[in-house]
$ cat model32.tsv   # TSV, C-alpha atoms
chain	number	residue	atom	x	y	z
S	127	MET	CA	32.84	-10.84	-7.68
S	128	ASN	CA	36.64	-10.69	-8.03
S	129	SER	CA	39.12	-11.58	-5.28
S	130	SER	CA	39.92	-7.96	-4.46
S	131	ALA	CA	36.23	-7.31	-3.78
S	132	ARG	CA	36.10	-10.34	-1.49
S	133	ASN	CA	39.04	-8.94	0.51
S	134	VAL	CA	37.43	-5.53	1.07
S	135	ARG	CA	36.45	-4.96	4.68
S	136	ALA	CA	34.13	-2.52	6.39
S	137	THR	CA	37.17	-0.55	7.54
S	138	ASP	CA	38.18	-0.06	3.91
S	139	ILE	CA	34.69	1.21	3.08
S	140	ALA	CA	34.94	3.69	5.95
S	141	GLN	CA	38.33	4.98	4.78
S	142	ILE	CA	37.23	5.45	1.16
S	143	ALA	CA	33.96	7.13	2.16
S	144	GLY	CA	35.66	9.32	4.74
S	145	VAL	CA	33.45	8.19	7.61
S	146	SER	CA	33.89	6.12	10.73
S	147	GLN	CA	33.60	2.33	10.76
S	148	ALA	CA	30.66	2.74	13.14
S	149	THR	CA	28.89	4.84	10.53
S	150	VAL	CA	29.46	2.14	7.90
S	151	SER	CA	28.06	-0.46	10.28
S	152	ARG	CA	24.97	1.64	10.94
S	153	VAL	CA	24.37	2.14	7.22
S	154	LEU	CA	24.74	-1.57	6.46
S	155	SER	CA	22.48	-2.50	9.37
S	156	GLY	CA	19.69	-0.31	7.98
S	157	SER	CA	19.81	2.28	10.75
S	158	THR	CA	17.58	5.30	10.20
S	159	GLN	CA	19.83	7.41	12.45
S	160	ILE	CA	22.06	8.27	9.49
S	161	SER	CA	21.54	11.22	7.16
S	162	GLU	CA	20.43	10.38	3.63
S	163	ALA	CA	23.54	12.07	2.19
S	164	THR	CA	25.85	9.93	4.34
S	165	ARG	CA	23.91	6.77	3.55
S	166	GLN	CA	24.13	7.42	-0.17
S	167	LYS	CA	27.87	8.16	0.03
S	168	VAL	CA	28.58	4.91	1.87
S	169	MET	CA	26.33	2.83	-0.37
S	170	GLN	CA	27.99	4.31	-3.48
S	171	VAL	CA	31.37	3.12	-2.21
S	172	VAL	CA	29.89	-0.28	-1.39
S	173	GLN	CA	28.59	-0.53	-4.94
S	174	ASP	CA	31.82	0.75	-6.53
S	175	VAL	CA	34.05	-1.80	-4.81
S	176	GLY	CA	31.54	-4.67	-5.01
S	177	TYR	CA	31.55	-5.17	-1.26
S	178	THR	CA	29.21	-7.84	0.11
S	179	PRO	CA	28.87	-8.20	3.89
S	180	ASN	CA	29.35	-11.67	5.30
S	181	ALA	CA	25.76	-12.60	6.09
S	182	PHE	CA	26.70	-15.44	8.44
S	183	ALA	CA	29.12	-13.27	10.42
S	184	GLN	CA	26.54	-10.53	10.67
S	185	ALA	CA	23.91	-12.95	11.90
S	186	MET	CA	26.27	-14.29	14.57
S	187	ARG	CA	27.24	-10.80	15.68
S	188	THR	CA	23.81	-9.18	15.65
S	189	ARG	CA	21.64	-12.26	16.25
S	190	GLN	CA	19.63	-11.19	13.24
S	191	SER	CA	18.82	-13.14	10.08
S	192	ARG	CA	18.49	-9.90	8.08
S	193	THR	CA	15.34	-11.43	6.60
S	194	ILE	CA	11.96	-9.72	6.64
S	195	GLY	CA	8.74	-11.67	6.09
S	196	VAL	CA	5.87	-10.19	4.12
S	197	ALA	CA	2.43	-11.82	4.23
S	198	VAL	CA	0.10	-11.02	1.31
S	199	SER	CA	-3.23	-12.23	-0.07
S	200	ARG	CA	-5.02	-12.09	-3.42
S	201	VAL	CA	-1.84	-12.03	-5.49
S	202	THR	CA	-3.96	-11.64	-8.64
S	203	ASN	CA	-4.81	-8.12	-7.49
S	204	PRO	CA	-2.37	-5.76	-9.30
S	205	VAL	CA	-1.97	-3.88	-6.02
S	206	VAL	CA	0.03	-6.77	-4.53
S	207	PRO	CA	3.05	-6.80	-6.89
S	208	GLU	CA	3.28	-3.03	-6.63
S	209	ILE	CA	3.35	-3.24	-2.84
S	210	LEU	CA	5.98	-6.00	-2.96
S	211	GLU	CA	8.12	-4.05	-5.39
S	212	ALA	CA	8.03	-0.97	-3.17
S	213	LEU	CA	8.84	-2.95	-0.01
S	214	GLY	CA	11.48	-5.08	-1.72
S	215	THR	CA	13.28	-2.06	-3.15
S	216	ARG	CA	13.47	-0.35	0.22
S	217	LEU	CA	14.60	-3.51	2.02
S	218	ALA	CA	17.28	-4.22	-0.61
S	219	VAL	CA	18.78	-0.79	-0.12
S	220	LEU	CA	19.15	-1.63	3.57
S	221	GLY	CA	20.70	-5.02	2.84
S	222	ARG	CA	17.64	-6.97	4.00
S	223	ARG	CA	16.16	-10.00	2.28
S	224	MET	CA	12.42	-10.41	1.76
S	225	VAL	CA	10.49	-13.67	1.97
S	226	VAL	CA	6.84	-13.65	0.89
S	227	TRP	CA	3.89	-15.81	1.94
S	228	ASN	CA	0.58	-15.87	0.09
S	229	THR	CA	-1.77	-16.67	2.96
S	230	ASP	CA	-4.68	-17.29	0.59
S	231	SER	CA	-3.11	-20.36	-0.99
S	232	GLU	CA	-0.57	-21.34	1.68
S	233	GLY	CA	-2.51	-20.46	4.80
S	234	GLU	CA	-0.79	-18.92	7.81
S	235	ALA	CA	1.19	-21.98	8.86
S	236	GLY	CA	4.35	-20.82	7.09
S	237	VAL	CA	4.30	-17.45	8.79
S	238	ILE	CA	3.64	-18.98	12.21
S	239	GLU	CA	6.47	-21.50	11.71
S	240	ALA	CA	8.89	-18.70	10.80
S	241	VAL	CA	7.86	-16.87	13.97
S	242	ARG	CA	8.40	-19.92	16.16
S	243	HIS	CA	11.80	-20.74	14.66
S	244	GLY	CA	13.02	-17.16	14.59
S	245	THR	CA	13.92	-17.22	10.89
S	246	VAL	CA	12.75	-13.64	10.30
S	247	ASP	CA	13.69	-10.46	12.10
S	248	GLY	CA	10.33	-8.84	11.51
S	249	LEU	CA	7.04	-9.17	9.66
S	250	ILE	CA	4.91	-6.96	7.44
S	251	PHE	CA	1.26	-7.94	6.99
S	252	THR	CA	-0.65	-6.50	4.02
S	253	ALA	CA	-4.03	-8.14	4.65
S	254	ALA	CA	-4.29	-7.93	8.43
S	255	SER	CA	-8.02	-8.52	8.73
S	256	HIS	CA	-7.51	-12.03	7.29
S	257	GLN	CA	-4.15	-12.83	8.91
S	258	ALA	CA	-5.10	-12.61	12.58
S	259	ALA	CA	-3.61	-15.95	13.68
S	260	SER	CA	-0.12	-15.16	12.40
S	261	ILE	CA	-0.27	-11.59	13.71
S	262	ASP	CA	-1.17	-12.92	17.17
S	263	ALA	CA	1.70	-15.44	16.98
S	264	ALA	CA	4.17	-12.69	16.07
S	265	LEU	CA	3.03	-10.34	18.82
S	266	ASP	CA	3.02	-13.16	21.41
S	267	ARG	CA	6.71	-13.74	20.67
S	268	ASN	CA	7.53	-10.03	20.45
S	269	VAL	CA	8.51	-10.26	16.79
S	270	PRO	CA	8.61	-6.72	15.33
S	271	THR	CA	5.43	-6.34	13.29
S	272	VAL	CA	3.96	-3.75	10.95
S	273	LEU	CA	0.48	-3.76	9.43
S	274	PHE	CA	0.65	-2.31	5.94
S	275	ASN	CA	-2.28	-0.83	3.99
S	276	ARG	CA	-5.04	-2.66	5.86
S	277	PRO	CA	-5.25	-1.46	9.49
S	278	LEU	CA	-6.78	-3.10	12.55
S	279	ASP	CA	-8.04	-1.26	15.61
S	280	GLY	CA	-6.58	-2.21	18.97
S	281	VAL	CA	-3.56	-4.14	17.68
S	282	PRO	CA	-0.41	-3.07	19.58
S	283	CYS	CA	1.99	-2.70	16.67
S	284	ASP	CA	3.02	-0.16	14.07
S	285	GLN	CA	0.56	0.46	11.24
S	286	VAL	CA	1.14	2.24	7.94
S	287	VAL	CA	-1.96	3.20	5.99
S	288	SER	CA	-3.23	5.83	3.59
S	289	THR	CA	-6.08	8.30	4.02
S	290	ASN	CA	-8.75	5.86	2.81
S	291	ARG	CA	-11.73	7.56	4.42
S	292	ASP	CA	-10.68	11.11	3.54
S	293	GLY	CA	-9.64	10.11	0.03
S	294	ALA	CA	-13.03	8.52	-0.67
S	295	ALA	CA	-14.78	11.61	0.71
S	296	ALA	CA	-12.75	13.73	-1.70
S	297	VAL	CA	-13.83	11.48	-4.59
S	298	ALA	CA	-17.49	12.01	-3.65
S	299	GLN	CA	-17.10	15.77	-3.55
S	300	TYR	CA	-15.18	15.73	-6.83
S	301	LEU	CA	-18.04	13.94	-8.58
S	302	VAL	CA	-20.60	16.39	-7.25
S	303	SER	CA	-18.43	19.32	-8.34
S	304	GLY	CA	-18.43	17.78	-11.82
S	305	GLY	CA	-22.21	17.95	-11.99
S	306	ARG	CA	-22.89	14.28	-11.24
S	307	ARG	CA	-26.31	13.70	-9.69
S	308	ARG	CA	-27.13	9.96	-9.88
S	309	ILE	CA	-24.04	8.62	-8.16
S	310	ALA	CA	-23.52	4.93	-7.38
S	311	TYR	CA	-20.86	3.40	-5.15
S	312	LEU	CA	-19.61	-0.19	-5.57
S	313	SER	CA	-17.67	-1.31	-2.56
S	314	GLY	CA	-16.64	-4.93	-2.42
S	315	PRO	CA	-16.65	-6.95	0.83
S	316	LEU	CA	-16.70	-4.68	3.87
S	317	ASP	CA	-14.76	-7.11	6.06
S	318	ARG	CA	-11.72	-5.51	4.41
S	319	THR	CA	-10.99	-2.53	6.63
S	320	THR	CA	-9.76	-0.45	3.72
S	321	LEU	CA	-12.98	-0.96	1.76
S	322	ALA	CA	-15.11	-0.29	4.83
S	323	ALA	CA	-13.31	3.01	5.48
S	324	ARG	CA	-13.67	4.04	1.84
S	325	ALA	CA	-17.39	3.26	1.75
S	326	GLU	CA	-17.96	5.26	4.94
S	327	GLY	CA	-15.82	8.12	3.70
S	328	PHE	CA	-17.63	8.29	0.37
S	329	CYS	CA	-21.02	8.57	2.05
S	330	GLU	CA	-19.64	11.20	4.45
S	331	GLY	CA	-18.26	13.17	1.53
S	332	LEU	CA	-21.63	13.25	-0.19
S	333	ALA	CA	-23.40	14.19	3.04
S	334	ALA	CA	-20.95	17.05	3.60
S	335	VAL	CA	-22.15	18.71	0.39
S	336	GLY	CA	-25.80	17.78	0.92
S	337	HIS	CA	-25.99	15.21	-1.84
S	338	PRO	CA	-27.65	11.78	-1.45
S	339	LEU	CA	-26.12	8.53	-2.63
S	340	TRP	CA	-28.24	7.26	-5.52
S	341	ARG	CA	-27.28	3.59	-5.39
S	342	ARG	CA	-24.74	1.39	-3.63
S	343	GLY	CA	-23.85	-2.26	-4.00
S	344	GLY	CA	-21.26	-4.99	-4.08
S	345	GLU	CA	-20.80	-5.24	-0.30
S	346	ASP	CA	-21.72	-8.92	-0.41
S	347	THR	CA	-19.68	-9.57	-3.53
S	348	PHE	CA	-16.17	-10.98	-3.41
S	349	PHE	CA	-13.79	-9.72	-6.09
S	350	ASP	CA	-15.60	-11.48	-8.91
S	351	HIS	CA	-15.08	-9.67	-12.19
S	352	ASP	CA	-18.24	-10.98	-13.82
S	353	ARG	CA	-20.42	-10.02	-10.85
S	354	PHE	CA	-19.24	-6.40	-10.80
S	355	ARG	CA	-19.59	-6.30	-14.58
S	356	GLU	CA	-23.24	-7.33	-14.19
S	357	ILE	CA	-23.86	-4.75	-11.47
S	358	ALA	CA	-22.46	-2.01	-13.69
S	359	ILE	CA	-24.70	-3.05	-16.57
S	360	GLY	CA	-27.72	-3.02	-14.26
S	361	LEU	CA	-26.94	0.51	-13.10
S	362	MET	CA	-27.25	1.76	-16.67
S	363	GLN	CA	-30.58	0.10	-17.38
S	364	GLY	CA	-33.95	1.72	-16.77
S	365	PRO	CA	-35.30	5.22	-17.47
S	366	GLU	CA	-32.77	6.96	-15.16
S	367	PRO	CA	-29.32	5.42	-15.51
S	368	CYS	CA	-26.62	6.58	-13.13
S	369	ASP	CA	-24.17	9.23	-14.33
S	370	ALA	CA	-21.26	8.31	-12.06
S	371	ILE	CA	-19.92	5.07	-10.59
S	372	ALA	CA	-17.30	5.25	-7.84
S	373	CYS	CA	-15.52	2.02	-6.97
S	374	GLY	CA	-13.85	0.74	-3.82
S	375	ASN	CA	-10.71	-0.14	-5.76
S	376	ASP	CA	-9.30	-0.14	-9.27
S	377	VAL	CA	-10.01	-3.83	-9.88
S	378	ILE	CA	-13.74	-3.20	-9.39
S	379	ALA	CA	-13.48	-0.21	-11.70
S	380	PHE	CA	-11.87	-2.35	-14.41
S	381	ALA	CA	-14.83	-4.74	-14.25
S	382	VAL	CA	-17.23	-1.79	-14.43
S	383	LEU	CA	-15.50	-0.37	-17.50
S	384	ASN	CA	-15.62	-3.79	-19.13
S	385	GLY	CA	-19.37	-4.10	-18.56
S	386	LEU	CA	-20.09	-0.60	-19.82
S	387	THR	CA	-18.09	-1.24	-22.98
S	388	ALA	CA	-20.02	-4.47	-23.58
S	389	ILE	CA	-23.37	-2.64	-23.75
S	390	GLY	CA	-22.12	0.36	-25.69
S	391	VAL	CA	-22.19	2.90	-22.86
S	392	SER	CA	-19.74	5.73	-23.42
S	393	VAL	CA	-17.29	6.68	-20.66
S	394	PRO	CA	-17.22	9.58	-19.82
S	395	ASP	CA	-19.98	10.90	-22.10
S	396	ASP	CA	-22.74	8.79	-20.53
S	397	VAL	CA	-21.23	7.99	-17.15
S	398	TRP	CA	-18.10	8.80	-15.15
S	399	VAL	CA	-16.08	6.05	-13.44
S	400	VAL	CA	-13.58	6.46	-10.58
S	401	GLY	CA	-11.37	3.85	-8.91
S	402	PHE	CA	-9.14	3.78	-5.85
S	403	ASP	CA	-5.49	2.64	-5.40
S	404	GLY	CA	-3.82	4.11	-8.48
S	405	VAL	CA	-2.29	0.88	-9.79
S	406	THR	CA	-0.10	1.27	-12.87
S	407	MET	CA	-2.69	-0.42	-15.09
S	408	SER	CA	-5.20	2.33	-14.33
S	409	GLY	CA	-3.17	4.68	-16.50
S	410	TRP	CA	-3.18	2.41	-19.55
S	411	ASP	CA	-4.97	3.90	-22.55
S	412	VAL	CA	-7.58	1.15	-22.53
S	413	PHE	CA	-8.68	2.18	-19.01
S	414	ASP	CA	-7.61	5.85	-18.66
S	415	LEU	CA	-9.13	5.64	-15.20
S	416	THR	CA	-9.48	8.51	-12.77
S	417	THR	CA	-8.44	7.10	-9.41
S	418	MET	CA	-7.35	7.98	-5.90
S	419	ARG	CA	-3.70	6.94	-5.71
S	420	GLN	CA	-2.05	5.38	-2.70
S	421	PRO	CA	1.68	6.32	-2.52
S	422	TRP	CA	3.18	2.85	-2.23
S	423	ASP	CA	6.78	4.09	-2.20
S	424	VAL	CA	6.10	6.52	0.65
S	425	MET	CA	4.16	3.90	2.58
S	426	ALA	CA	6.89	1.30	2.03
S	427	ASP	CA	9.52	3.70	3.31
S	428	GLY	CA	7.45	4.35	6.44
S	429	ALA	CA	6.78	0.65	7.02
S	430	VAL	CA	10.39	-0.44	6.61
S	431	SER	CA	11.72	2.43	8.72
S	432	ALA	CA	9.25	1.62	11.50
S	433	LEU	CA	10.14	-2.06	11.36
S	434	ILE	CA	13.91	-1.46	11.44
S	435	ASP	CA	13.50	0.94	14.36
S	436	ARG	CA	11.66	-1.81	16.20
S	437	ILE	CA	14.24	-4.48	15.28
S	438	GLU	CA	17.07	-2.24	16.46
S	439	CYS	CA	15.18	-1.48	19.69
S	440	ARG	CA	15.10	2.24	19.00
S	441	ARG	CA	11.41	2.57	19.82
S	442	THR	CA	8.88	0.68	21.92
S	443	SER	CA	5.54	2.48	21.61
S	444	PRO	CA	3.45	1.61	18.54
S	445	ARG	CA	2.48	4.33	16.11
S	446	THR	CA	0.18	4.76	13.13
S	447	ILE	CA	1.48	6.51	10.04
S	448	GLN	CA	-0.92	7.88	7.44
S	449	ALA	CA	0.26	8.74	3.93
S	450	ARG	CA	-1.86	11.14	1.91
S	451	THR	CA	-3.76	9.89	-1.13
S	452	ASP	CA	-3.87	11.96	-4.33
S	453	LEU	CA	-6.56	12.16	-6.98
S	454	LEU	CA	-5.33	11.30	-10.48
S	455	VAL	CA	-7.79	12.84	-12.93
S	456	ARG	CA	-7.98	11.07	-16.29
S	457	GLY	CA	-10.32	10.45	-19.19
S	458	SER	CA	-12.91	8.34	-17.34
S	459	THR	CA	-14.16	11.59	-15.77
S	460	ALA	CA	-13.60	13.75	-18.87
S	461	HIS	CA	-10.42	15.18	-17.31
S	462	TRP	CA	-12.65	17.37	-15.14
S	463	PRO	CA	-10.25	19.34	-12.90
S	464	ALA	CA	-10.27	18.71	-9.17
S	465	THR	CA	-11.05	21.79	-7.10
S	466	HIS	CA	-9.56	22.92	-3.83
S	467	ARG	CA	-12.69	21.77	-2.03
S	468	ASP	CA	-12.27	18.26	-3.39
S	469	ALA	CA	-8.86	18.03	-1.75
S	470	LEU	CA	-9.93	19.27	1.68
S	471	ALA	CA	-10.67	15.79	3.02
S	472	GLN	CA	-7.14	14.69	2.15
S	473	THR	CA	-5.45	17.32	4.30
S	474	THR	CA	-6.96	16.48	7.69
S	475	ASN	CA	-6.44	13.88	10.42
S	476	HIS	CA	-2.97	12.83	9.33
S	477	LYS	CA	-1.72	11.52	12.66
S	478	GLY	CA	1.87	10.47	12.15
S	479	ARG	CA	1.59	11.34	8.45
S	480	ILE	CA	4.73	10.96	6.38
S	481	PRO	CA	5.64	14.40	4.97

$ encode --input "model32.tsv" --output "structure tokens"
Amino acid sequence: MNSSARNVRATDIAQIAGVSQATVSRVLSGSTQISEATRQKVMQVVQDVGYTPNAFAQAMRTRQSRTIGVAVSRVTNPVVPEILEALGTRLAVLGRRMVVWNTDSEGEAGVIEAVRHGTVDGLIFTAASHQAASIDAALDRNVPTVLFNRPLDGVPCDQVVSTNRDGAAAVAQYLVSGGRRRIAYLSGPLDRTTLAARAEGFCEGLAAVGHPLWRRGGEDTFFDHDRFREIAIGLMQGPEPCDAIACGNDVIAFAVLNGLTAIGVSVPDDVWVVGFDGVTMSGWDVFDLTTMRQPWDVMADGAVSALIDRIECRRTSPRTIQARTDLLVRGSTAHWPATHRDALAQTTNHKGRIP
């Protein structure tokens, strides 16, 4: 940065942008009480002049570190980097730094230490059902906290989730509408609240159209690729192989597709396969996977906005935000079009839903 950029002050930004200094301060502090047009105008000026706020001065003035902690697990799951990218992009726009803990390999000690020493202004947990100790530590010290993607009942903090149950119900009805009759559902461990909600929703979706679930499995199976591959192969053996396999997430679906390819089963000619999450890889030609997509960018916007509101003491009561899932129809289900009925489950029970 050149010397002229270093000498630029917030008052200069205000004059160039044609707004008040208070407005500039609110934009740079991440306030959500500013219109998007005004925020963009101020941030464009900030970018044009190369202005960088003095982080130390801000911390002294606001008593904030401007750092947000994000706790994740299973970083090998392609969902995780997509979540982090969405959260990181939104936080960067607001001038906030992001520090990440992988609680699988590091445990929760790092998160708890950050809470005790006050080195973060707020925390976002992406695997709440396995991060209880650090969530309790944050809430005990009144650290602003948001649960992202994986909800927990009875926890007094903001939660941002997608329509897992309704989305899975819509998948079930979509498969039936496509003429599938021997439908299997592979879940993954049901101590993950997202997977539990999807498994329940899928069964409810089938029941709503009077169709029985042919097989289910994988509830006692951790995310082991080879195990789900074996289950998929087993579903296609015998005199009546299944004609559709719905999966609790895209990673399970990838293992299923791998197993089916290994034994020469054609997708979608012999069997349809559907995933859940909508990770970028699901759209690769080698997978071409029909999947229920979670809108990470919308969810990240809701999570960060809720957290900043809490940090800035603009709200005290916790809320739950639900973002609607959308079915991406691809080659693994023969591009069979989704009907209006298939989408019904996605349009209900959106308490606090982000438009």

$ closest_residue --input "model32.tsv" --among "S:Thr417, S:Val219, S:Ser199, S:Ser191" --to "Glu162 of chain S" --atoms "all atoms listed in the file"
S:Val219

$ closest_residue --input "model32.tsv" --among "S:Ala323, S:Val397, S:Ala136, S:Ile357" --to "Gly385 of chain S" --atoms "only C-alpha atoms"
S:Ile357

$ atom_distance --input "model32.tsv" --atom1 "atom CA of Ile371 of chain S" --atom2 "atom CA of Trp398 of chain S"
6.2 Å

$ residues_near_point --input "model32.tsv" --point "(-28.1, 5.1, 0.4)" --cutoff "12 Å" --atoms "only C-alpha atoms" --output "PyMOL selection string"
chain S and resi 308-312+325-326+328-330+332-333+337-343

$ closest_atom_pairs --input "model32.tsv" --of "segment 289-318 of chain S" --to "segment 453-462 of chain S" --cutoff "10 Å" --atoms "all atoms listed in the file" --output "Markdown table"
| residue | atom | partner | partner_atom | distance |
| --- | --- | --- | --- | --- |
| S:Gly293 | CA | S:Leu453 | CA | 7.9 |
| S:Ala294 | CA | S:Leu453 | CA | 9.7 |
| S:Ala296 | CA | S:Leu453 | CA | 8.3 |
| S:Val297 | CA | S:Leu453 | CA | 7.7 |
| S:Tyr300 | CA | S:Trp462 | CA | 8.8 |
| S:Leu301 | CA | S:Thr459 | CA | 8.5 |
| S:Ser303 | CA | S:Trp462 | CA | 9.1 |
| S:Gly304 | CA | S:Trp462 | CA | 6.7 |

$ closest_residue --input "model32.tsv" --among "S:Val246, S:Ile389, S:Met169, S:Ile261" --to "Asp284 of chain S" --atoms "all atoms listed in the file"
S:Ile261

$ atom_distance --input "model32.tsv" --atom1 "atom CA of Gln257 of chain S" --atom2 "atom CA of Gly327 of chain S"
24.5 Å

$ closest_residue --input "model32.tsv" --among "S:Ile359, S:Met425, S:Cys373, S:Val134" --to "Arg324 of chain S" --atoms "all atoms listed in the file"
S:Cys373

$ closest_residue --input "model32.tsv" --among "S:Ala295, S:Ser151, S:Asn203, S:Ala449" --to "Ile378 of chain S" --atoms "all atoms listed in the file"
S:Asn203

$ closest_residue --input "model32.tsv" --among "S:Thr137, S:Glu211, S:Val198, S:Val269" --to "Arg436 of chain S" --atoms "only C-alpha atoms"
S:Val269

$ residues_around --input "model32.tsv" --residues "Ser231 of chain S" --least-positions-apart "4" --cutoff "10 Å" --atoms "all atoms listed in the file" --output "VMD selection string"
chain S and resid 199 to 201 227

$ atom_distance --input "model32.tsv" --atom1 "atom CA of Thr442 of chain S" --atom2 "atom CA of Gly428 of chain S"
16.0 Å

$ residues_around --input "model32.tsv" --residues "Val226 of chain S" --least-positions-apart "5" --cutoff "12 Å" --atoms "only C-alpha atoms" --output "list in words"
Thr193, Ile194, Gly195, Val196, Ala197, Val198, Ser199, Val201, Val206, Pro207, Ile209, Leu210, Glu211, Leu213, Gly214, Glu232, Glu234, Gly236, Val237, Ala240, Val246, Leu249, Ile250, Phe251 and Thr252 of chain S

$ residues_around --input "model32.tsv" --residues "Ile160 of chain S" --least-positions-apart "6" --cutoff "8 Å" --atoms "all atoms listed in the file" --output "JSON, numbers by chain"
{"S": [149, 152, 153]}

$ write_last_selection --input "model32.tsv" --atoms "C-alpha atoms" --output "PDB file, in the frame of the given file"
ATOM      1  CA  THR S 149      28.890   4.840  10.530  1.00  0.00           C
ATOM      2  CA  ARG S 152      24.970   1.640  10.940  1.00  0.00           C
ATOM      3  CA  VAL S 153      24.370   2.140   7.220  1.00  0.00           C
TER       4      VAL S 153
END

$ residues_around --input "model32.tsv" --residues "Arg419 of chain S" --least-positions-apart "3" --cutoff "6 Å" --atoms "all atoms listed in the file" --output "ChimeraX atom specification"
/S:403-404,451-452

$ write_last_selection --input "model32.tsv" --atoms "C-alpha atoms" --output "PDB file, in the coordinates of the input"
ATOM      1  CA  ASP S 403      -5.490   2.640  -5.400  1.00  0.00           C
ATOM      2  CA  GLY S 404      -3.820   4.110  -8.480  1.00  0.00           C
ATOM      3  CA  THR S 451      -3.760   9.890  -1.130  1.00  0.00           C
ATOM      4  CA  ASP S 452      -3.870  11.960  -4.330  1.00  0.00           C
TER       5      ASP S 452
END

$ build_atoms --input "model32.tsv" --residues "segment 144-155 of chain S" --atoms "N, CA, C and O atoms" --output "mmCIF file, in the frame of the given file"
data_model
loop_
_atom_site.group_PDB
_atom_site.id
_atom_site.type_symbol
_atom_site.label_atom_id
_atom_site.label_comp_id
_atom_site.auth_asym_id
_atom_site.auth_seq_id
_atom_site.Cartn_x
_atom_site.Cartn_y
_atom_site.Cartn_z
ATOM 1 N N GLY S 144 35.316 8.231 3.840
ATOM 2 C CA GLY S 144 35.660 9.320 4.740
ATOM 3 C C GLY S 144 34.748 9.413 5.941
ATOM 4 O O GLY S 144 34.442 10.513 6.428
ATOM 5 N N VAL S 145 34.302 8.241 6.424
ATOM 6 C CA VAL S 145 33.450 8.190 7.610
ATOM 7 C C VAL S 145 34.022 7.176 8.580
ATOM 8 O O VAL S 145 34.994 6.478 8.270
ATOM 9 N N SER S 146 33.416 7.079 9.741
ATOM 10 C CA SER S 146 33.890 6.120 10.730
ATOM 11 C C SER S 146 33.376 4.716 10.402
ATOM 12 O O SER S 146 32.395 4.552 9.667
ATOM 13 N N GLN S 147 34.060 3.700 10.958
ATOM 14 C CA GLN S 147 33.600 2.330 10.760
ATOM 15 C C GLN S 147 32.218 2.143 11.397
ATOM 16 O O GLN S 147 31.389 1.391 10.880
ATOM 17 N N ALA S 148 31.970 2.836 12.496
ATOM 18 C CA ALA S 148 30.660 2.740 13.140
ATOM 19 C C ALA S 148 29.560 3.246 12.217
ATOM 20 O O ALA S 148 28.459 2.687 12.164
ATOM 21 N N THR S 149 29.880 4.306 11.475
ATOM 22 C CA THR S 149 28.890 4.840 10.530
ATOM 23 C C THR S 149 28.605 3.823 9.429
ATOM 24 O O THR S 149 27.446 3.604 9.046
ATOM 25 N N VAL S 150 29.643 3.179 8.917
ATOM 26 C CA VAL S 150 29.460 2.140 7.900
ATOM 27 C C VAL S 150 28.583 1.022 8.446
ATOM 28 O O VAL S 150 27.662 0.540 7.776
ATOM 29 N N SER S 151 28.846 0.613 9.673
ATOM 30 C CA SER S 151 28.060 -0.460 10.280
ATOM 31 C C SER S 151 26.602 -0.070 10.413
ATOM 32 O O SER S 151 25.694 -0.884 10.164
ATOM 33 N N ARG S 152 26.353 1.193 10.800
ATOM 34 C CA ARG S 152 24.970 1.640 10.940
ATOM 35 C C ARG S 152 24.266 1.679 9.590
ATOM 36 O O ARG S 152 23.081 1.314 9.483
ATOM 37 N N VAL S 153 24.969 2.114 8.562
ATOM 38 C CA VAL S 153 24.370 2.140 7.220
ATOM 39 C C VAL S 153 24.025 0.732 6.774
ATOM 40 O O VAL S 153 22.923 0.456 6.280
ATOM 41 N N LEU S 154 24.950 -0.202 6.931
ATOM 42 C CA LEU S 154 24.740 -1.570 6.460
ATOM 43 C C LEU S 154 23.709 -2.321 7.296
ATOM 44 O O LEU S 154 23.112 -3.291 6.827
ATOM 45 N N SER S 155 23.481 -1.845 8.521
ATOM 46 C CA SER S 155 22.480 -2.500 9.370
ATOM 47 C C SER S 155 21.086 -1.938 9.144
ATOM 48 O O SER S 155 20.113 -2.414 9.722
#
